[in-house]
Amino acid sequence: MVGIIGYGVYIPRYRIKTEKIAAVWGEDGENMAKGLGVFEKSVPGPDEDVATISVEAARNAVKRAQIDPTDIGAIYVGSESHPYAVKPTGTMVAEAIGCAPHMTCADLEFACKAGTAAIQVCMGLVKSNMIEIGLAIGSDTAQGRPGDALEYSAAAGGVAVLLGKKNAVATIEHTSSFTTDTPDFWRREGQAFPSHGARFTGEPAYFRHVGEGARALLEKTNTTVDDYDYFVFHSPNGKFPVAMGRQLGVPKEKLEDSLVVRQIGNTYSASAMMGLANVLDIADPGSKIFMTAYGSGAGSDSFVIRVEDEIVKRRGEVPTVQDYIERKTYVNYATYAKFRRKIKALG
Amino acid sequence: MGKRVAIIGVGMSKFGELWDKSLADISLEAGMYAIFDAQVKGKDIDGLIIGNMSAGRFTGQEHLGAQAADWGGLGNLPAYSVEAACASGGAAVRQAYMAILSGEHDVMLVLGTEKMSDVNQSMAMDTISVASDWEWEGMFGATFPALYAFMARRHMMEYGTTEEQLSMVTVKNHKNAAHNPWAQFQSPVPLEVVMKSGLLADPIRVLHSSPISDGAAGLVMCSAERAKEFTDTPVYVESSKQAGDTLALHDRADICSMSAVVSSSRSALKEAGLTIKDIDVFELHDSFTISEIIITEDIGIVKKGEGGKAVEEGLTEIDGKFPVNVSGGLKARGHPIGATGVAQIVELALQLRGDAEKRQVDGVEKAMSVNIGGTGATSIVHILGR
């Protein structure tokens with residue numbers, strides 16, 4: 001069976017508090033933070049992008065898995081902020097971690113779920129013995145138009161997952177997806193910031209696709225909420241996954257550990273995977289995890305994951321999600337605007 | 001006047017953000033329910049009128065009359081839409097009333113419809129604002145929340161109306177809507193939540209304002225002499241009156257009163273041979289809670305300046321002396337602009353028939369609706385009876 005043989009994360013060190021952003025736009029910061037369930041978000045430094053973030057996460061994953069990088073036969077990087085429109089991020093990652101050139105690689109895009117789509121692609125390649133190990137990455141330096149609701153949550157981070165058959169730290173027992181053409185959020189070629197359908201991004205988009213996708217996999221596997229110890233949902237903010245959990249009847253304590261969005265914001269393609277990584281950092285062997293990632297446009301990928309004994313041995317070598325969350329330097333709005341190249345005169 | 005007009009069937013679509021339905025879907029839904037309720041056949045209907053404010057901007061579709069007749073399978077009957085901003089629905093009812101009174105039409109389908117959630121919020125706000133005096137108000141950013149904020153602030157200055165009173169209208173209407181299966185918001189909202197909701201235009205907050213909604217309402221109306229062919233419980237239009245006022249707020253002598261509401265309600269009562277005390281239940285146009293307060297004063301439920309106190313003292317509660325907006329009103333039932341005036345009549349017809357279930361007011365004999373456009377440049381008043 002295909003499993004996660006290693007995983008690694010990276011979160012940029014800079015943070016801006018929700019109230020600092022709110023103050024610039026004349027909003028009530030405390031209410032905004034509470035309402036969104038996002039208290040601060042990660043900000044990439046001026047020399048960080050999806051390539052550097054992906055490399056950091058991939059290095060952590062390889063180190064944890066204790067594999068020879070040349071055994072990696074495929075790299076797929078899912079992101080909506082690839083540094084190049086044409087030229088893959090994946091090749092840079094491949095060279096940096098030393099697995100080029102005898103391997104395949106491509107960049108993926110499916111809004112916030114391209115990382116989990118990459119996991120599914122790698123699962124297929126591993127299962128069919130086309131490759132021995134696949135590297136799936138979800139990584140983003142998300143864009144939020146200044147003053148837009150998204151600015152409070154659009155954050156940066158990356159998660160790399162190695163898929164293989166040997167020495168898995170967690171087994172992916174099942175996966176399924178739910179996909180429709182639903183235009184809730186989009187960014188056209190050349191545009192600096194995405195557009196969104198405001199309230200339309202809720203019920204008909206996130207909640208329908210995550211809810212229906214999760215229900216379909218529960219039904220397919222003939223399981224209920226009671227069969228799982230942890231739930232992870234894509235977290236565009238702290239409010240949606242909690243509401244989703246409520247709709248599906250998930251007890252609060254089973255969701256709590258996935259809600260890293262409160263401290264780092266929405267890391268887009270890394271969002272659900274970051275929640276999963278935080279759970280893998282602490283879960284006991286034998287634990288069952290149910291994850292549903294969501295991507296606008298729109299679709300969801302659901303996974304049933306069992307934590308294996310091997311995981312205990314693989315802890316302590318690389319930084320955890322919490323290590324990165326705690327490693328932080330606050331910046332003010334001006335510095336944030338400079339780092340994110342939002343100051344127009346600077347170009 | 002010998003001839004009378006009856007309402008023999010009512011129908012509604014759900015009001016709310018109906019992402020998975022089109023304008024035509026909801027119009028036909030309300031129309032079909034009204035036709036089923038009236039037990040008329042398609043071939044009995046000889047005309048169709050739709051109240052709609054701005055389908056062209058909200059959805060890209062105009063020529064709604066032909067569309068509804070065609071898609072509804074009603075054949076080649078005369079069909080058209082009427083527009084009077086937020087009073088478009090009331091205007092459609094009044095047009096049908098006059099067409100039947102004139103003898104030109106016998107049995108008519110009246111629809112009110114609006115699909116507002118297909119555009120983004122700024123486009124929706126712009127589209128709503130074209131109902132103001134665009135060259136003097138809307139173009140300069142005087143949105144409806146801003147215009148009603150002028151009225152509310154002046155009312156507070158002149159008469160001591162309070163923010164609590166503005167908020168109590170919301171609390172009352174949400175409480176009522178909890179019993180209305182078609183309402184957009186079917187849950188009560190506590191006063192402190194209303195008082196703390198986001199400011200749109202001081203003193204008007206989000207929860208003092210009707211929402212952006214999709215929805216449709218329908219009626220089958222016919223001449224009174226034919227009503228009993230179709231139903232045992234017809235409801236009669238006792239009077240239908242309309243008046244106008246300046247389009248722009250700044251041209252009015254007094255912005256604490258809507259003179260079109262004063263004159264249309266007076267003339268409607270006069271024609272029906274009634275006084276305000278004879279009316280048992282009211283649907284008043286609460287696009288903002290201040291408008292419900294002003295209208296309760298303008299139609300004479302209370303004296304000018306006492307509308308705030310009226311809601312505070314429970315006079316307009318469902319079990320009060322003058323129940324106002326037992327449906328939840330525009331605030332909580334929702335305000336799909338063109339549908340509102342028709343939905344008011346649907347509610348009053350149900351109240352008169354005794355079919356309003358958990359929100360039924362006891363012993364309703366006479367009922368009044370006030371449907372206004374803009375800040376009161378159009379006012380359409382209907383009085384219904386059993």
# chains A, B, ... in the order shown; residues from 1 in each chain; ligands from 1
>>> interface_residues(of="chain A", to="chain B", cutoff="12 Å", atoms="only C-alpha atoms", output="list of chain:residue names")
A:Gly26, A:Glu27, A:Asp28, A:Asn31, A:Met32, A:Gly35, A:Thr182, A:Pro183, A:Asp184, A:Ser195, A:His196, A:Gly197, A:Ala198, A:Arg199, A:Phe200, A:Thr201, A:Gly202, A:Glu203, A:Pro204, A:Ala205, A:Arg208
>>> residues_around(residues="Ala156 of chain A", least_positions_apart="3", cutoff="10 Å", atoms="only C-alpha atoms", output="PyMOL selection string")
chain A and resi 10-15+41-45+48-50+53+81+139-143+153+264-271
>>> write_last_selection(atoms="N, CA and C atoms", output="PDB file, in the first residue's frame")
ATOM      1  N   TYR A  10       7.665  24.051   5.746  1.00  0.00           N
ATOM      2  CA  TYR A  10       8.413  25.289   5.934  1.00  0.00           C
ATOM      3  C   TYR A  10       7.424  26.444   6.028  1.00  0.00           C
ATOM      4  N   ILE A  11       7.651  27.299   7.018  1.00  0.00           N
ATOM      5  CA  ILE A  11       6.832  28.505   7.160  1.00  0.00           C
ATOM      6  C   ILE A  11       7.789  29.687   7.304  1.00  0.00           C
ATOM      7  N   PRO A  12       7.668  30.708   6.478  1.00  0.00           N
ATOM      8  CA  PRO A  12       8.537  31.882   6.619  1.00  0.00           C
ATOM      9  C   PRO A  12       8.445  32.455   8.039  1.00  0.00           C
ATOM     10  N   ARG A  13       9.500  33.112   8.477  1.00  0.00           N
ATOM     11  CA  ARG A  13       9.539  33.537   9.881  1.00  0.00           C
ATOM     12  C   ARG A  13       8.699  34.787  10.165  1.00  0.00           C
ATOM     13  N   TYR A  14       8.426  35.582   9.137  1.00  0.00           N
ATOM     14  CA  TYR A  14       7.744  36.858   9.407  1.00  0.00           C
ATOM     15  C   TYR A  14       6.254  36.671   9.645  1.00  0.00           C
ATOM     16  N   ARG A  15       5.727  37.475  10.550  1.00  0.00           N
ATOM     17  CA  ARG A  15       4.288  37.443  10.865  1.00  0.00           C
ATOM     18  C   ARG A  15       3.770  38.873  10.911  1.00  0.00           C
ATOM     19  N   LYS A  41      -0.705  36.139  10.440  1.00  0.00           N
ATOM     20  CA  LYS A  41      -0.419  35.304   9.262  1.00  0.00           C
ATOM     21  C   LYS A  41       1.060  35.399   8.922  1.00  0.00           C
ATOM     22  N   SER A  42       1.551  34.353   8.268  1.00  0.00           N
ATOM     23  CA  SER A  42       2.955  34.334   7.882  1.00  0.00           C
ATOM     24  C   SER A  42       3.164  35.218   6.661  1.00  0.00           C
ATOM     25  N   VAL A  43       4.334  35.813   6.587  1.00  0.00           N
ATOM     26  CA  VAL A  43       4.681  36.714   5.488  1.00  0.00           C
ATOM     27  C   VAL A  43       6.031  36.251   4.936  1.00  0.00           C
ATOM     28  N   PRO A  44       6.124  35.995   3.648  1.00  0.00           N
ATOM     29  CA  PRO A  44       7.418  35.577   3.113  1.00  0.00           C
ATOM     30  C   PRO A  44       8.387  36.754   3.108  1.00  0.00           C
ATOM     31  N   GLY A  45       9.652  36.490   3.374  1.00  0.00           N
ATOM     32  CA  GLY A  45      10.665  37.538   3.307  1.00  0.00           C
ATOM     33  C   GLY A  45      10.882  37.954   1.867  1.00  0.00           C
ATOM     34  N   GLU A  48      12.146  35.277  -0.503  1.00  0.00           N
ATOM     35  CA  GLU A  48      11.488  33.970  -0.478  1.00  0.00           C
ATOM     36  C   GLU A  48      10.384  33.910  -1.523  1.00  0.00           C
ATOM     37  N   ASP A  49      10.271  32.769  -2.161  1.00  0.00           N
ATOM     38  CA  ASP A  49       9.154  32.541  -3.076  1.00  0.00           C
ATOM     39  C   ASP A  49       8.792  31.064  -3.018  1.00  0.00           C
ATOM     40  N   VAL A  50       7.899  30.641  -3.910  1.00  0.00           N
ATOM     41  CA  VAL A  50       7.439  29.255  -3.860  1.00  0.00           C
ATOM     42  C   VAL A  50       8.587  28.275  -4.102  1.00  0.00           C
ATOM     43  N   ILE A  53      10.615  28.135  -0.728  1.00  0.00           N
ATOM     44  CA  ILE A  53       9.780  27.506   0.305  1.00  0.00           C
ATOM     45  C   ILE A  53       9.648  26.005   0.028  1.00  0.00           C
ATOM     46  N   SER A  81       1.118  30.357  -6.843  1.00  0.00           N
ATOM     47  CA  SER A  81       2.061  31.463  -6.943  1.00  0.00           C
ATOM     48  C   SER A  81       3.436  30.980  -7.392  1.00  0.00           C
ATOM     49  N   SER A 139       2.653  24.485  -1.967  1.00  0.00           N
ATOM     50  CA  SER A 139       3.454  25.622  -1.509  1.00  0.00           C
ATOM     51  C   SER A 139       2.884  26.896  -2.097  1.00  0.00           C
ATOM     52  N   ASP A 140       2.830  27.952  -1.304  1.00  0.00           N
ATOM     53  CA  ASP A 140       2.272  29.204  -1.826  1.00  0.00           C
ATOM     54  C   ASP A 140       2.815  30.422  -1.111  1.00  0.00           C
ATOM     55  N   THR A 141       2.881  31.516  -1.854  1.00  0.00           N
ATOM     56  CA  THR A 141       3.037  32.841  -1.261  1.00  0.00           C
ATOM     57  C   THR A 141       1.792  33.592  -1.730  1.00  0.00           C
ATOM     58  N   ALA A 142       0.696  33.389  -1.011  1.00  0.00           N
ATOM     59  CA  ALA A 142      -0.622  33.780  -1.516  1.00  0.00           C
ATOM     60  C   ALA A 142      -0.763  35.290  -1.636  1.00  0.00           C
ATOM     61  N   GLN A 143      -1.542  35.683  -2.640  1.00  0.00           N
ATOM     62  CA  GLN A 143      -1.726  37.103  -2.917  1.00  0.00           C
ATOM     63  C   GLN A 143      -3.084  37.565  -2.385  1.00  0.00           C
ATOM     64  N   SER A 153      -5.901  36.918   5.407  1.00  0.00           N
ATOM     65  CA  SER A 153      -5.585  35.494   5.553  1.00  0.00           C
ATOM     66  C   SER A 153      -4.507  34.993   4.598  1.00  0.00           C
ATOM     67  N   ILE A 264      -0.960  31.126  11.457  1.00  0.00           N
ATOM     68  CA  ILE A 264      -0.158  31.416  10.258  1.00  0.00           C
ATOM     69  C   ILE A 264      -0.981  31.863   9.062  1.00  0.00           C
ATOM     70  N   GLY A 265      -2.300  31.844   9.179  1.00  0.00           N
ATOM     71  CA  GLY A 265      -3.140  32.228   8.051  1.00  0.00           C
ATOM     72  C   GLY A 265      -3.328  31.084   7.072  1.00  0.00           C
ATOM     73  N   ASN A 266      -3.869  31.436   5.923  1.00  0.00           N
ATOM     74  CA  ASN A 266      -4.172  30.442   4.893  1.00  0.00           C
ATOM     75  C   ASN A 266      -2.964  30.292   3.970  1.00  0.00           C
ATOM     76  N   THR A 267      -2.316  29.139   4.050  1.00  0.00           N
ATOM     77  CA  THR A 267      -1.140  28.911   3.205  1.00  0.00           C
ATOM     78  C   THR A 267      -1.535  28.289   1.860  1.00  0.00           C
ATOM     79  N   TYR A 268      -2.784  28.477   1.469  1.00  0.00           N
ATOM     80  CA  TYR A 268      -3.302  28.057   0.157  1.00  0.00           C
ATOM     81  C   TYR A 268      -2.971  26.612  -0.182  1.00  0.00           C
ATOM     82  N   SER A 269      -2.100  26.383  -1.155  1.00  0.00           N
ATOM     83  CA  SER A 269      -1.834  24.999  -1.583  1.00  0.00           C
ATOM     84  C   SER A 269      -1.258  24.153  -0.450  1.00  0.00           C
ATOM     85  N   ALA A 270      -0.750  24.806   0.588  1.00  0.00           N
ATOM     86  CA  ALA A 270      -0.185  24.068   1.715  1.00  0.00           C
ATOM     87  C   ALA A 270      -1.181  23.960   2.871  1.00  0.00           C
ATOM     88  N   SER A 271      -2.358  24.566   2.729  1.00  0.00           N
ATOM     89  CA  SER A 271      -3.239  24.743   3.885  1.00  0.00           C
ATOM     90  C   SER A 271      -3.647  23.439   4.563  1.00  0.00           C
TER      91      SER A 271
END
>>> residues_around(residues="segment 124-126 of chain B", least_positions_apart="2", cutoff="9 Å", atoms="only C-alpha atoms", output="list of chain:residue names")
B:Arg57, B:Phe58, B:Met116, B:Ser117, B:Asp118, B:Val119, B:Asn120, B:Gln121, B:Ser122, B:Ile128, B:Ser129, B:Val130, B:Gly138, B:Met139, B:Thr143, B:Phe144, B:Ile212
>>> select_by_dssp(residues="segment 51-127 of chain B", states="strand (DSSP E)", output="ChimeraX atom specification")
/B:51,79-82,107-115
>>> write_last_selection(atoms="C-alpha atoms", output="PDB file, in the first residue's frame")
ATOM      1  CA  GLY B  51     -42.779  43.393 -11.092  1.00  0.00           C
ATOM      2  CA  ALA B  79     -47.209  39.710 -20.799  1.00  0.00           C
ATOM      3  CA  TYR B  80     -44.951  42.514 -19.624  1.00  0.00           C
ATOM      4  CA  SER B  81     -42.946  43.768 -16.676  1.00  0.00           C
ATOM      5  CA  VAL B  82     -43.347  46.983 -14.714  1.00  0.00           C
ATOM      6  CA  VAL B 107     -57.749  36.241 -14.791  1.00  0.00           C
ATOM      7  CA  MET B 108     -54.181  37.422 -14.457  1.00  0.00           C
ATOM      8  CA  LEU B 109     -50.931  35.991 -13.158  1.00  0.00           C
ATOM      9  CA  VAL B 110     -48.927  38.599 -11.221  1.00  0.00           C
ATOM     10  CA  LEU B 111     -45.297  37.918 -10.441  1.00  0.00           C
ATOM     11  CA  GLY B 112     -42.628  39.847  -8.607  1.00  0.00           C
ATOM     12  CA  THR B 113     -39.061  38.708  -9.030  1.00  0.00           C
ATOM     13  CA  GLU B 114     -35.439  39.676  -8.573  1.00  0.00           C
ATOM     14  CA  LYS B 115     -32.198  37.694  -8.719  1.00  0.00           C
TER      15      LYS B 115
END
>>> residues_around(residues="Val225 of chain A", least_positions_apart="3", cutoff="9 Å", atoms="only C-alpha atoms", output="PDB file with C-alpha atoms, in the first residue's frame")
ATOM      1  CA  LEU A 218     -17.034   8.282   4.398  1.00  0.00           C
ATOM      2  CA  TYR A 228     -11.395   8.783  13.083  1.00  0.00           C
ATOM      3  CA  ASP A 229      -9.205  10.436  15.682  1.00  0.00           C
ATOM      4  CA  PHE A 231     -10.030  15.638  11.008  1.00  0.00           C
ATOM      5  CA  LEU A 248     -20.405  16.905   9.567  1.00  0.00           C
ATOM      6  CA  GLY A 249     -20.789  16.309  13.304  1.00  0.00           C
ATOM      7  CA  VAL A 250     -17.055  16.276  14.049  1.00  0.00           C
ATOM      8  CA  PRO A 251     -16.331  16.804  17.753  1.00  0.00           C
ATOM      9  CA  PHE A 290      -9.548  12.107   7.713  1.00  0.00           C
TER      10      PHE A 290
END
>>> residues_around(residues="Ser176 of chain A", least_positions_apart="5", cutoff="12 Å", atoms="only C-alpha atoms", output="NGL selection string")
:A and (116-117 or 119-120 or 209-210 or 212-221 or 290-293 or 299-304)
>>> write_last_selection(atoms="N, CA and C atoms", output="PDB file, in the first residue's frame")
ATOM      1  N   THR A 116      -2.530  18.492  -2.833  1.00  0.00           N
ATOM      2  CA  THR A 116      -3.120  17.166  -2.613  1.00  0.00           C
ATOM      3  C   THR A 116      -3.344  16.461  -3.937  1.00  0.00           C
ATOM      4  N   ALA A 117      -3.566  17.232  -5.004  1.00  0.00           N
ATOM      5  CA  ALA A 117      -3.650  16.615  -6.337  1.00  0.00           C
ATOM      6  C   ALA A 117      -2.301  15.976  -6.664  1.00  0.00           C
ATOM      7  N   ILE A 119      -0.237  14.751  -4.502  1.00  0.00           N
ATOM      8  CA  ILE A 119      -0.170  13.506  -3.711  1.00  0.00           C
ATOM      9  C   ILE A 119      -0.861  12.373  -4.470  1.00  0.00           C
ATOM     10  N   GLN A 120      -2.047  12.683  -5.021  1.00  0.00           N
ATOM     11  CA  GLN A 120      -2.786  11.640  -5.746  1.00  0.00           C
ATOM     12  C   GLN A 120      -2.015  11.162  -6.983  1.00  0.00           C
ATOM     13  N   HIS A 209     -18.347  21.535  -1.715  1.00  0.00           N
ATOM     14  CA  HIS A 209     -17.329  20.614  -2.216  1.00  0.00           C
ATOM     15  C   HIS A 209     -16.634  19.852  -1.088  1.00  0.00           C
ATOM     16  N   VAL A 210     -16.341  20.532   0.011  1.00  0.00           N
ATOM     17  CA  VAL A 210     -15.700  19.833   1.130  1.00  0.00           C
ATOM     18  C   VAL A 210     -16.702  18.867   1.756  1.00  0.00           C
ATOM     19  N   GLU A 212     -19.592  17.522   0.493  1.00  0.00           N
ATOM     20  CA  GLU A 212     -19.983  16.394  -0.374  1.00  0.00           C
ATOM     21  C   GLU A 212     -18.806  15.442  -0.567  1.00  0.00           C
ATOM     22  N   GLY A 213     -17.614  16.011  -0.727  1.00  0.00           N
ATOM     23  CA  GLY A 213     -16.430  15.180  -0.926  1.00  0.00           C
ATOM     24  C   GLY A 213     -16.167  14.298   0.289  1.00  0.00           C
ATOM     25  N   ALA A 214     -16.256  14.903   1.471  1.00  0.00           N
ATOM     26  CA  ALA A 214     -16.009  14.153   2.703  1.00  0.00           C
ATOM     27  C   ALA A 214     -17.075  13.079   2.892  1.00  0.00           C
ATOM     28  N   ARG A 215     -18.333  13.459   2.677  1.00  0.00           N
ATOM     29  CA  ARG A 215     -19.414  12.485   2.858  1.00  0.00           C
ATOM     30  C   ARG A 215     -19.250  11.306   1.898  1.00  0.00           C
ATOM     31  N   ALA A 216     -18.838  11.625   0.666  1.00  0.00           N
ATOM     32  CA  ALA A 216     -18.688  10.560  -0.334  1.00  0.00           C
ATOM     33  C   ALA A 216     -17.621   9.557   0.096  1.00  0.00           C
ATOM     34  N   LEU A 217     -16.497  10.049   0.641  1.00  0.00           N
ATOM     35  CA  LEU A 217     -15.434   9.112   1.037  1.00  0.00           C
ATOM     36  C   LEU A 217     -15.829   8.338   2.298  1.00  0.00           C
ATOM     37  N   LEU A 218     -16.554   9.002   3.207  1.00  0.00           N
ATOM     38  CA  LEU A 218     -17.034   8.282   4.398  1.00  0.00           C
ATOM     39  C   LEU A 218     -17.955   7.143   3.965  1.00  0.00           C
ATOM     40  N   GLU A 219     -18.807   7.455   2.991  1.00  0.00           N
ATOM     41  CA  GLU A 219     -19.754   6.445   2.516  1.00  0.00           C
ATOM     42  C   GLU A 219     -19.008   5.306   1.809  1.00  0.00           C
ATOM     43  N   LYS A 220     -18.058   5.696   0.948  1.00  0.00           N
ATOM     44  CA  LYS A 220     -17.306   4.710   0.173  1.00  0.00           C
ATOM     45  C   LYS A 220     -16.536   3.754   1.090  1.00  0.00           C
ATOM     46  N   THR A 221     -16.027   4.291   2.196  1.00  0.00           N
ATOM     47  CA  THR A 221     -15.230   3.463   3.100  1.00  0.00           C
ATOM     48  C   THR A 221     -16.086   2.874   4.213  1.00  0.00           C
ATOM     49  N   PHE A 290      -8.718  11.841   8.891  1.00  0.00           N
ATOM     50  CA  PHE A 290      -9.548  12.107   7.713  1.00  0.00           C
ATOM     51  C   PHE A 290      -9.263  13.528   7.257  1.00  0.00           C
ATOM     52  N   MET A 291      -8.797  13.667   6.008  1.00  0.00           N
ATOM     53  CA  MET A 291      -8.456  15.001   5.509  1.00  0.00           C
ATOM     54  C   MET A 291      -9.240  15.306   4.237  1.00  0.00           C
ATOM     55  N   THR A 292      -9.761  16.534   4.143  1.00  0.00           N
ATOM     56  CA  THR A 292     -10.339  16.998   2.873  1.00  0.00           C
ATOM     57  C   THR A 292      -9.739  18.354   2.530  1.00  0.00           C
ATOM     58  N   ALA A 293      -9.039  18.380   1.392  1.00  0.00           N
ATOM     59  CA  ALA A 293      -8.480  19.632   0.889  1.00  0.00           C
ATOM     60  C   ALA A 293      -9.481  20.236  -0.082  1.00  0.00           C
ATOM     61  N   GLY A 299     -12.981  22.015  -6.394  1.00  0.00           N
ATOM     62  CA  GLY A 299     -12.966  20.595  -6.098  1.00  0.00           C
ATOM     63  C   GLY A 299     -12.402  20.303  -4.724  1.00  0.00           C
ATOM     64  N   SER A 300     -12.573  19.072  -4.296  1.00  0.00           N
ATOM     65  CA  SER A 300     -11.992  18.661  -3.021  1.00  0.00           C
ATOM     66  C   SER A 300     -11.360  17.286  -3.183  1.00  0.00           C
ATOM     67  N   ASP A 301     -10.281  17.069  -2.455  1.00  0.00           N
ATOM     68  CA  ASP A 301      -9.617  15.766  -2.399  1.00  0.00           C
ATOM     69  C   ASP A 301      -9.693  15.281  -0.957  1.00  0.00           C
ATOM     70  N   SER A 302     -10.261  14.106  -0.770  1.00  0.00           N
ATOM     71  CA  SER A 302     -10.371  13.558   0.584  1.00  0.00           C
ATOM     72  C   SER A 302      -9.451  12.349   0.737  1.00  0.00           C
ATOM     73  N   PHE A 303      -8.947  12.174   1.935  1.00  0.00           N
ATOM     74  CA  PHE A 303      -7.987  11.099   2.206  1.00  0.00           C
ATOM     75  C   PHE A 303      -8.315  10.432   3.542  1.00  0.00           C
ATOM     76  N   VAL A 304      -8.137   9.117   3.574  1.00  0.00           N
ATOM     77  CA  VAL A 304      -8.174   8.374   4.833  1.00  0.00           C
ATOM     78  C   VAL A 304      -6.752   7.896   5.095  1.00  0.00           C
TER      79      VAL A 304
END
